[in-house]
file data-v8.txt (compact mmCIF, C-alpha atoms)
# COMPACT_ATOMS: atom_id res chain seq x y z
CA MET A 1 0.00 0.00 0.00
CA LYS A 2 1.39 3.38 -0.99
CA ILE A 3 0.91 6.39 1.26
CA ASP A 4 0.44 9.78 -0.29
CA PRO A 5 3.73 11.70 0.32
CA GLU A 6 1.84 14.81 1.40
CA VAL A 7 -0.13 12.87 4.01
CA LYS A 8 3.07 11.19 5.11
CA ASN A 9 4.81 14.55 5.56
CA ARG A 10 1.89 15.97 7.54
CA LEU A 11 1.84 12.89 9.76
CA LYS A 12 5.56 13.22 10.31
CA GLN A 13 5.23 16.89 11.24
CA LEU A 14 2.36 16.12 13.62
CA LEU A 15 4.33 13.36 15.26
CA LYS A 16 7.37 15.61 15.55
CA LYS A 17 5.26 18.36 17.10
CA GLU A 18 3.75 15.92 19.56
CA VAL A 19 7.13 14.53 20.51
CA GLU A 20 8.53 18.04 20.94
CA GLN A 21 5.56 19.00 23.10
CA LYS A 22 5.98 15.85 25.15
CA ASN A 23 9.68 16.57 25.51
CA LYS A 24 8.95 20.09 26.70
CA MET A 25 6.41 18.86 29.19
CA VAL A 26 7.76 18.00 32.67
CA VAL A 27 6.14 14.91 34.19
CA ILE A 28 6.18 14.73 37.99
CA LYS A 29 5.32 11.31 39.34
CA SER A 30 4.19 11.13 42.93
CA ALA A 31 2.50 8.67 45.27
CA TYR A 32 -0.22 11.22 46.11
CA GLN A 33 -1.57 14.51 44.79
CA LEU A 34 1.12 17.14 45.40
CA ASP A 35 0.15 20.59 46.64
CA ASN A 36 1.57 23.83 45.19
CA ASN A 37 4.11 24.14 47.98
CA GLU A 38 5.55 20.73 47.18
CA ILE A 39 5.59 21.45 43.44
CA ASN A 40 7.47 24.69 44.11
CA MET A 41 9.90 22.75 46.22
CA VAL A 42 10.49 20.34 43.30
CA PHE A 43 11.25 23.25 40.96
CA ARG A 44 13.52 24.78 43.58
CA VAL A 45 15.50 21.55 43.79
CA LEU A 46 15.54 21.21 39.98
CA PRO A 47 15.71 24.81 38.73
CA GLU A 48 16.33 23.75 35.11
CA PHE A 49 12.62 22.83 34.87
CA SER A 50 11.16 25.92 36.50
CA GLY A 51 8.73 27.83 34.32
CA MET A 52 8.03 24.76 32.14
CA ALA A 53 4.61 23.21 31.70
CA TYR A 54 4.12 20.19 33.92
CA GLU A 55 1.70 17.43 34.75
CA VAL A 56 1.45 15.40 37.92
CA VAL A 57 0.97 11.64 37.57
CA ILE A 58 -0.09 9.59 40.59
CA ASP A 59 1.82 6.32 41.00
CA PRO A 60 1.39 4.65 44.44
CA GLN A 61 4.31 2.31 43.68
CA ILE A 62 6.86 5.07 44.38
CA MET A 63 5.54 5.31 47.99
CA ALA A 64 6.96 8.80 48.76
CA GLY A 65 9.04 11.48 47.06
CA VAL A 66 8.88 12.29 43.34
CA ILE A 67 10.23 11.18 39.97
CA VAL A 68 10.73 14.06 37.57
CA GLN A 69 10.95 13.29 33.86
CA GLN A 70 11.45 15.51 30.83
CA GLY A 71 12.15 13.76 27.55
CA SER A 72 14.98 11.40 28.19
CA LYS A 73 15.99 13.08 31.47
CA ILE A 74 14.81 11.35 34.63
CA TYR A 75 15.48 12.49 38.21
CA ASN A 76 14.50 9.89 40.76
CA LEU A 77 13.83 11.52 44.13
CA SER A 78 11.48 8.82 45.35
CA LEU A 79 11.53 6.48 48.33
CA SER A 80 11.25 3.49 45.99
CA GLY A 81 14.29 4.82 44.07
CA GLN A 82 16.30 5.14 47.26
CA LEU A 83 15.29 1.62 48.27
CA LYS A 84 16.27 0.42 44.81
CA SER A 85 19.71 2.04 45.10
CA LEU A 86 20.09 0.52 48.57
CA SER A 87 19.18 -2.87 47.11
CA ASN A 88 21.77 -2.39 44.34
CA LYS A 89 24.38 -1.58 46.98
CA ILE A 90 23.51 -4.81 48.83
CA TYR A 91 23.87 -6.78 45.56
CA GLU A 92 27.27 -5.22 44.96
CA ILE A 93 28.65 -6.18 48.41
CA ASP A 94 30.99 -9.20 48.08
CA MET B 1 107.52 -150.89 -2.49
CA GLU B 2 105.32 -153.60 -3.65
CA ASN B 3 106.88 -155.73 -0.92
CA LEU B 4 105.82 -153.26 1.64
CA GLY B 5 102.32 -153.58 0.31
CA ILE B 6 102.26 -150.06 -1.11
CA ASP B 7 100.75 -149.69 -4.50
CA ALA B 8 102.74 -146.94 -6.23
CA LYS B 9 100.02 -146.20 -8.71
CA LEU B 10 97.46 -145.92 -5.95
CA LEU B 11 99.83 -143.77 -3.99
CA ILE B 12 100.35 -141.43 -6.94
CA ALA B 13 96.68 -141.40 -7.62
CA GLN B 14 95.91 -140.58 -3.99
CA MET B 15 98.60 -137.86 -4.02
CA ILE B 16 97.14 -136.37 -7.16
CA ASN B 17 93.73 -136.74 -5.58
CA PHE B 18 94.94 -134.95 -2.48
CA ILE B 19 96.61 -132.16 -4.47
CA LEU B 20 93.45 -131.74 -6.48
CA PHE B 21 91.40 -131.73 -3.33
CA PHE B 22 93.78 -129.19 -1.80
CA LEU B 23 93.65 -126.92 -4.83
CA ILE B 24 89.88 -127.12 -5.09
CA VAL B 25 89.41 -126.43 -1.36
CA LYS B 26 91.90 -123.59 -1.53
CA LYS B 27 90.26 -122.02 -4.55
CA PHE B 28 86.59 -122.52 -3.83
CA ILE B 29 86.33 -122.57 -0.01
CA VAL B 30 89.33 -120.96 1.71
CA LYS B 31 89.64 -117.96 -0.58
CA PRO B 32 85.93 -116.99 -0.44
CA PHE B 33 85.91 -117.66 3.27
CA ASN B 34 88.95 -115.44 3.77
CA ARG B 35 87.40 -112.83 1.58
CA PHE B 36 84.22 -113.05 3.62
CA VAL B 37 86.18 -112.75 6.87
CA ASP B 38 88.10 -109.74 5.49
CA ASP B 39 84.90 -108.17 4.35
CA GLU B 40 83.35 -108.70 7.74
CA LYS B 41 86.42 -107.23 9.40
CA ALA B 42 86.30 -104.22 7.14
CA LYS B 43 82.60 -103.82 7.81
CA GLU B 44 83.19 -104.08 11.54
CA LYS B 45 85.95 -101.52 11.30
CA LYS B 46 83.74 -99.23 9.35
CA THR B 47 80.90 -99.73 11.80
CA GLU B 48 83.26 -99.03 14.67
CA SER B 49 84.49 -95.89 12.98
CA LEU B 50 80.92 -94.84 12.31
CA ARG B 51 79.97 -95.56 15.91
CA LYS B 52 82.89 -93.46 17.10
CA THR B 53 81.92 -90.65 14.78
CA ILE B 54 78.33 -90.84 15.96
CA GLU B 55 79.45 -90.87 19.58
CA LYS B 56 81.64 -87.86 18.92
CA GLN B 57 78.81 -86.10 17.14
CA THR B 58 76.42 -87.03 19.95
CA GLU B 59 78.86 -85.62 22.49
CA THR B 60 79.27 -82.47 20.43
CA LEU B 61 75.53 -82.21 20.05
CA GLN B 62 75.01 -82.73 23.76
CA LEU B 63 77.59 -80.09 24.46
CA GLN B 64 75.98 -77.75 21.99
CA GLU B 65 72.56 -78.49 23.47
CA SER B 66 73.87 -77.78 26.93
CA GLU B 67 75.49 -74.54 25.75
CA LEU B 68 72.32 -73.61 23.92
CA LYS B 69 70.27 -74.34 27.01
CA GLN B 70 72.59 -72.18 29.09
CA LYS B 71 72.44 -69.43 26.51
CA MET B 72 68.67 -69.67 26.31
CA LYS B 73 68.44 -69.59 30.07
CA LYS B 74 70.62 -66.50 30.17
CA GLU B 75 68.69 -64.84 27.39
CA MET B 76 65.42 -65.79 29.04
CA GLN B 77 66.65 -64.27 32.27
CA VAL B 78 67.70 -61.09 30.45
CA VAL B 79 64.33 -60.93 28.68
CA LEU B 80 62.52 -61.58 31.94
CA GLU B 81 64.53 -58.89 33.69
CA LYS B 82 63.84 -56.46 30.86
CA ALA B 83 60.14 -57.35 30.89
CA LYS B 84 60.08 -56.89 34.64
CA LYS B 85 61.84 -53.54 34.34
CA ASP B 86 59.55 -52.44 31.49
CA GLY B 87 56.54 -53.59 33.46
CA GLN B 88 57.69 -51.64 36.50
CA THR B 89 58.37 -48.55 34.35
CA ILE B 90 54.93 -48.80 32.74
CA LYS B 91 53.37 -49.36 36.15
CA ASP B 92 55.20 -46.32 37.57
CA GLU B 93 54.24 -44.20 34.57
CA MET B 94 50.61 -45.27 34.80
CA LEU B 95 50.60 -44.60 38.53
CA ALA B 96 52.16 -41.17 38.00
CA GLN B 97 49.65 -40.40 35.23
CA ALA B 98 46.76 -41.56 37.37
CA GLN B 99 48.01 -39.48 40.29
CA LYS B 100 48.42 -36.48 38.00
CA GLU B 101 44.92 -36.92 36.59
CA MET B 102 43.57 -37.41 40.08
CA GLY B 103 45.26 -34.19 41.17
CA ILE B 104 43.83 -32.31 38.20
CA LEU B 105 40.39 -33.76 38.86
CA LYS B 106 40.67 -32.92 42.53
CA ASP B 107 41.72 -29.35 41.75
CA LYS B 108 38.98 -29.03 39.18
CA SER B 109 36.31 -30.33 41.52
CA GLN B 110 37.62 -28.14 44.33
CA THR B 111 37.52 -25.08 42.06
CA GLN B 112 34.06 -26.09 40.90
CA LEU B 113 32.97 -26.55 44.49
CA VAL B 114 34.34 -23.16 45.48
CA GLN B 115 32.66 -21.54 42.48
CA GLU B 116 29.37 -23.29 43.19
CA LYS B 117 29.61 -22.27 46.84
CA LYS B 118 30.32 -18.68 45.83
CA ALA B 119 27.45 -18.71 43.32
CA LEU B 120 25.14 -20.21 45.93
CA GLU B 121 26.20 -17.63 48.48
CA GLN B 122 25.66 -14.84 45.95
CA GLU B 123 22.28 -16.27 45.02
CA MET B 124 21.33 -16.52 48.69
CA LYS B 125 22.49 -12.96 49.27
CA ASN B 126 20.51 -11.76 46.26
CA LYS B 127 17.42 -13.65 47.37
CA LEU B 128 17.81 -12.26 50.87
CA ALA B 129 18.19 -8.74 49.53
CA GLU B 130 15.22 -9.27 47.22
CA MET B 131 13.13 -10.65 50.06
CA SER B 132 14.17 -7.84 52.38
CA MET B 133 13.29 -5.27 49.74
CA LEU B 134 9.97 -6.96 49.12
CA VAL B 135 9.18 -7.03 52.83
CA ILE B 136 10.24 -3.38 53.25
CA ASN B 137 8.20 -2.33 50.21
CA GLN B 138 5.13 -4.23 51.39
CA SER B 139 5.49 -2.93 54.94
CA LEU B 140 6.01 0.66 53.81
CA GLN B 141 3.09 0.41 51.37
CA SER B 142 0.78 -0.67 54.18
CA VAL B 143 2.24 1.51 56.95
CA LEU B 144 2.72 4.84 55.18
CA ASP B 145 -0.21 7.25 55.45
CA GLU B 146 -0.43 10.44 53.43
CA ALA B 147 1.00 12.65 56.19
CA THR B 148 4.07 10.43 56.52
CA ARG B 149 4.47 10.30 52.74
CA LYS B 150 4.35 14.11 52.67
CA ARG B 151 6.97 14.31 55.42
CA ILE B 152 9.25 11.88 53.60
CA THR B 153 8.80 13.75 50.31
CA GLU B 154 9.67 17.00 52.03
CA LYS B 155 12.74 15.44 53.61
CA ILE B 156 13.93 13.95 50.32
CA LEU B 157 13.46 17.25 48.49
CA ASN B 158 15.24 19.18 51.24
CA ASN B 159 18.15 16.78 51.12
CA SER B 160 17.91 17.17 47.30
CA LYS B 161 20.25 14.35 46.48
CA VAL B 162 19.41 14.06 42.78
CA THR B 163 19.71 10.65 41.13
CA LYS B 164 19.70 10.92 37.38
call {"tool": "encode", "arguments": {"input": "data-v8.txt", "output": "structure tokens"}}
result
Amino acid sequence: MKIDPEVKNRLKQLLKKEVEQKNKMVVIKSAYQLDNNEINMVFRVLPEFSGMAYEVVIDPQIMAGVIVQQGSKIYNLSLSGQLKSLSNKIYEID
Amino acid sequence: MENLGIDAKLLIAQMINFILFFLIVKKFIVKPFNRFVDDEKAKEKKTESLRKTIEKQTETLQLQESELKQKMKKEMQVVLEKAKKDGQTIKDEMLAQAQKEMGILKDKSQTQLVQEKKALEQEMKNKLAEMSMLVINQSLQSVLDEATRKRITEKILNNSKVTK
């Protein structure tokens, strides 16, 4: 099946735009609904994201703290992350 | 002679008769008999000579047989000694080889045992860590209320140790 090149180009542009938008968007994962004070605190800790659009995603698996993601950048400031790093340290002990 | 009662003609005839008898006996009996006796003597001599030769040969043969037996015995002893020595050498070599192989096998199995032990220990440690993490996760999931979660979040953010 052949796709019309014009349609293909438009689809590509749309996809690119969506990806760019997604990349610009900061996703803050938390175990509960964060209040403004906490969100401000997140941006204070990670000033490179301040002023950017954001969305808060609730994920009870992270227990406490936050995971901040923008494009391919991920900052894990969660309790589950700290437990995971502790677990990795235990695995590494000889 | 006639007076003595001797008949000359008869005497001559008897003499001739005797001479003839003598000649005939000599020619036809004594000569062949002598020849026969000589032949027998010669045969006996020959037989004796042959017997002596055979005896000599028998003695030589016996001597040779004895020497041969001695030689064979010596050679047999040498061969036996050599075989014994070779056997011992082969036995020693085989023993050394077996000991070497046993050593290698022992080392290998010891190494394998150590490795297996290490792997088992690591696996146990991993399982323990996994279990501990699971227990901690489950406990925290059930214990943490929202206020505590908020407090922890605040603490983590204040400490701001960023893990990328």
call {"tool": "interface_residues", "arguments": {"input": "data-v8.txt", "of": "chain B", "to": "chain A", "cutoff": "9 Å", "atoms": "all atoms listed in the file", "output": "PDB file with C-alpha atoms, keeping the file's coordinate frame"}}
result
ATOM      1  CA  GLN B 122      25.660 -14.840  45.950  1.00  0.00           C
ATOM      2  CA  LYS B 125      22.490 -12.960  49.270  1.00  0.00           C
ATOM      3  CA  ASN B 126      20.510 -11.760  46.260  1.00  0.00           C
ATOM      4  CA  ALA B 129      18.190  -8.740  49.530  1.00  0.00           C
ATOM      5  CA  GLU B 130      15.220  -9.270  47.220  1.00  0.00           C
ATOM      6  CA  SER B 132      14.170  -7.840  52.380  1.00  0.00           C
ATOM      7  CA  MET B 133      13.290  -5.270  49.740  1.00  0.00           C
ATOM      8  CA  ILE B 136      10.240  -3.380  53.250  1.00  0.00           C
ATOM      9  CA  ASN B 137       8.200  -2.330  50.210  1.00  0.00           C
ATOM     10  CA  LEU B 140       6.010   0.660  53.810  1.00  0.00           C
ATOM     11  CA  GLN B 141       3.090   0.410  51.370  1.00  0.00           C
ATOM     12  CA  LEU B 144       2.720   4.840  55.180  1.00  0.00           C
ATOM     13  CA  GLU B 146      -0.430  10.440  53.430  1.00  0.00           C
ATOM     14  CA  THR B 148       4.070  10.430  56.520  1.00  0.00           C
ATOM     15  CA  ARG B 149       4.470  10.300  52.740  1.00  0.00           C
ATOM     16  CA  LYS B 150       4.350  14.110  52.670  1.00  0.00           C
ATOM     17  CA  ARG B 151       6.970  14.310  55.420  1.00  0.00           C
ATOM     18  CA  ILE B 152       9.250  11.880  53.600  1.00  0.00           C
ATOM     19  CA  THR B 153       8.800  13.750  50.310  1.00  0.00           C
ATOM     20  CA  GLU B 154       9.670  17.000  52.030  1.00  0.00           C
ATOM     21  CA  LYS B 155      12.740  15.440  53.610  1.00  0.00           C
ATOM     22  CA  ILE B 156      13.930  13.950  50.320  1.00  0.00           C
ATOM     23  CA  LEU B 157      13.460  17.250  48.490  1.00  0.00           C
ATOM     24  CA  ASN B 158      15.240  19.180  51.240  1.00  0.00           C
ATOM     25  CA  SER B 160      17.910  17.170  47.300  1.00  0.00           C
ATOM     26  CA  LYS B 161      20.250  14.350  46.480  1.00  0.00           C
ATOM     27  CA  VAL B 162      19.410  14.060  42.780  1.00  0.00           C
ATOM     28  CA  THR B 163      19.710  10.650  41.130  1.00  0.00           C
ATOM     29  CA  LYS B 164      19.700  10.920  37.380  1.00  0.00           C
TER      30      LYS B 164
END
call {"tool": "axis_aligned_box", "arguments": {"input": "data-v8.txt", "around": "range 115-118 of chain B", "padding_each_side": "4 Å", "output": "JSON"}}
result
{"center_x": 31.0, "center_y": -21.0, "center_z": 44.7, "size_x": 11.3, "size_y": 12.6, "size_z": 12.4}
call {"tool": "atom_distance", "arguments": {"input": "data-v8.txt", "atom1": "CA of Ser50 in chain A", "atom2": "CA of Met25 in chain A"}}
result
11.2 Å
call {"tool": "atom_distance", "arguments": {"input": "data-v8.txt", "atom1": "CA of Met102 in chain B", "atom2": "CA of Ala83 in chain B"}}
result
27.5 Å
call {"tool": "atom_distance", "arguments": {"input": "data-v8.txt", "atom1": "CA of Asn9 in chain A", "atom2": "CA of Gln21 in chain A"}}
result
18.1 Å
call {"tool": "closest_residue", "arguments": {"input": "data-v8.txt", "among": "A:Lys29, A:Lys16, A:Lys22, A:Lys8", "to": "Ser72 in chain A", "atoms": "only C-alpha atoms"}}
result
A:Lys22
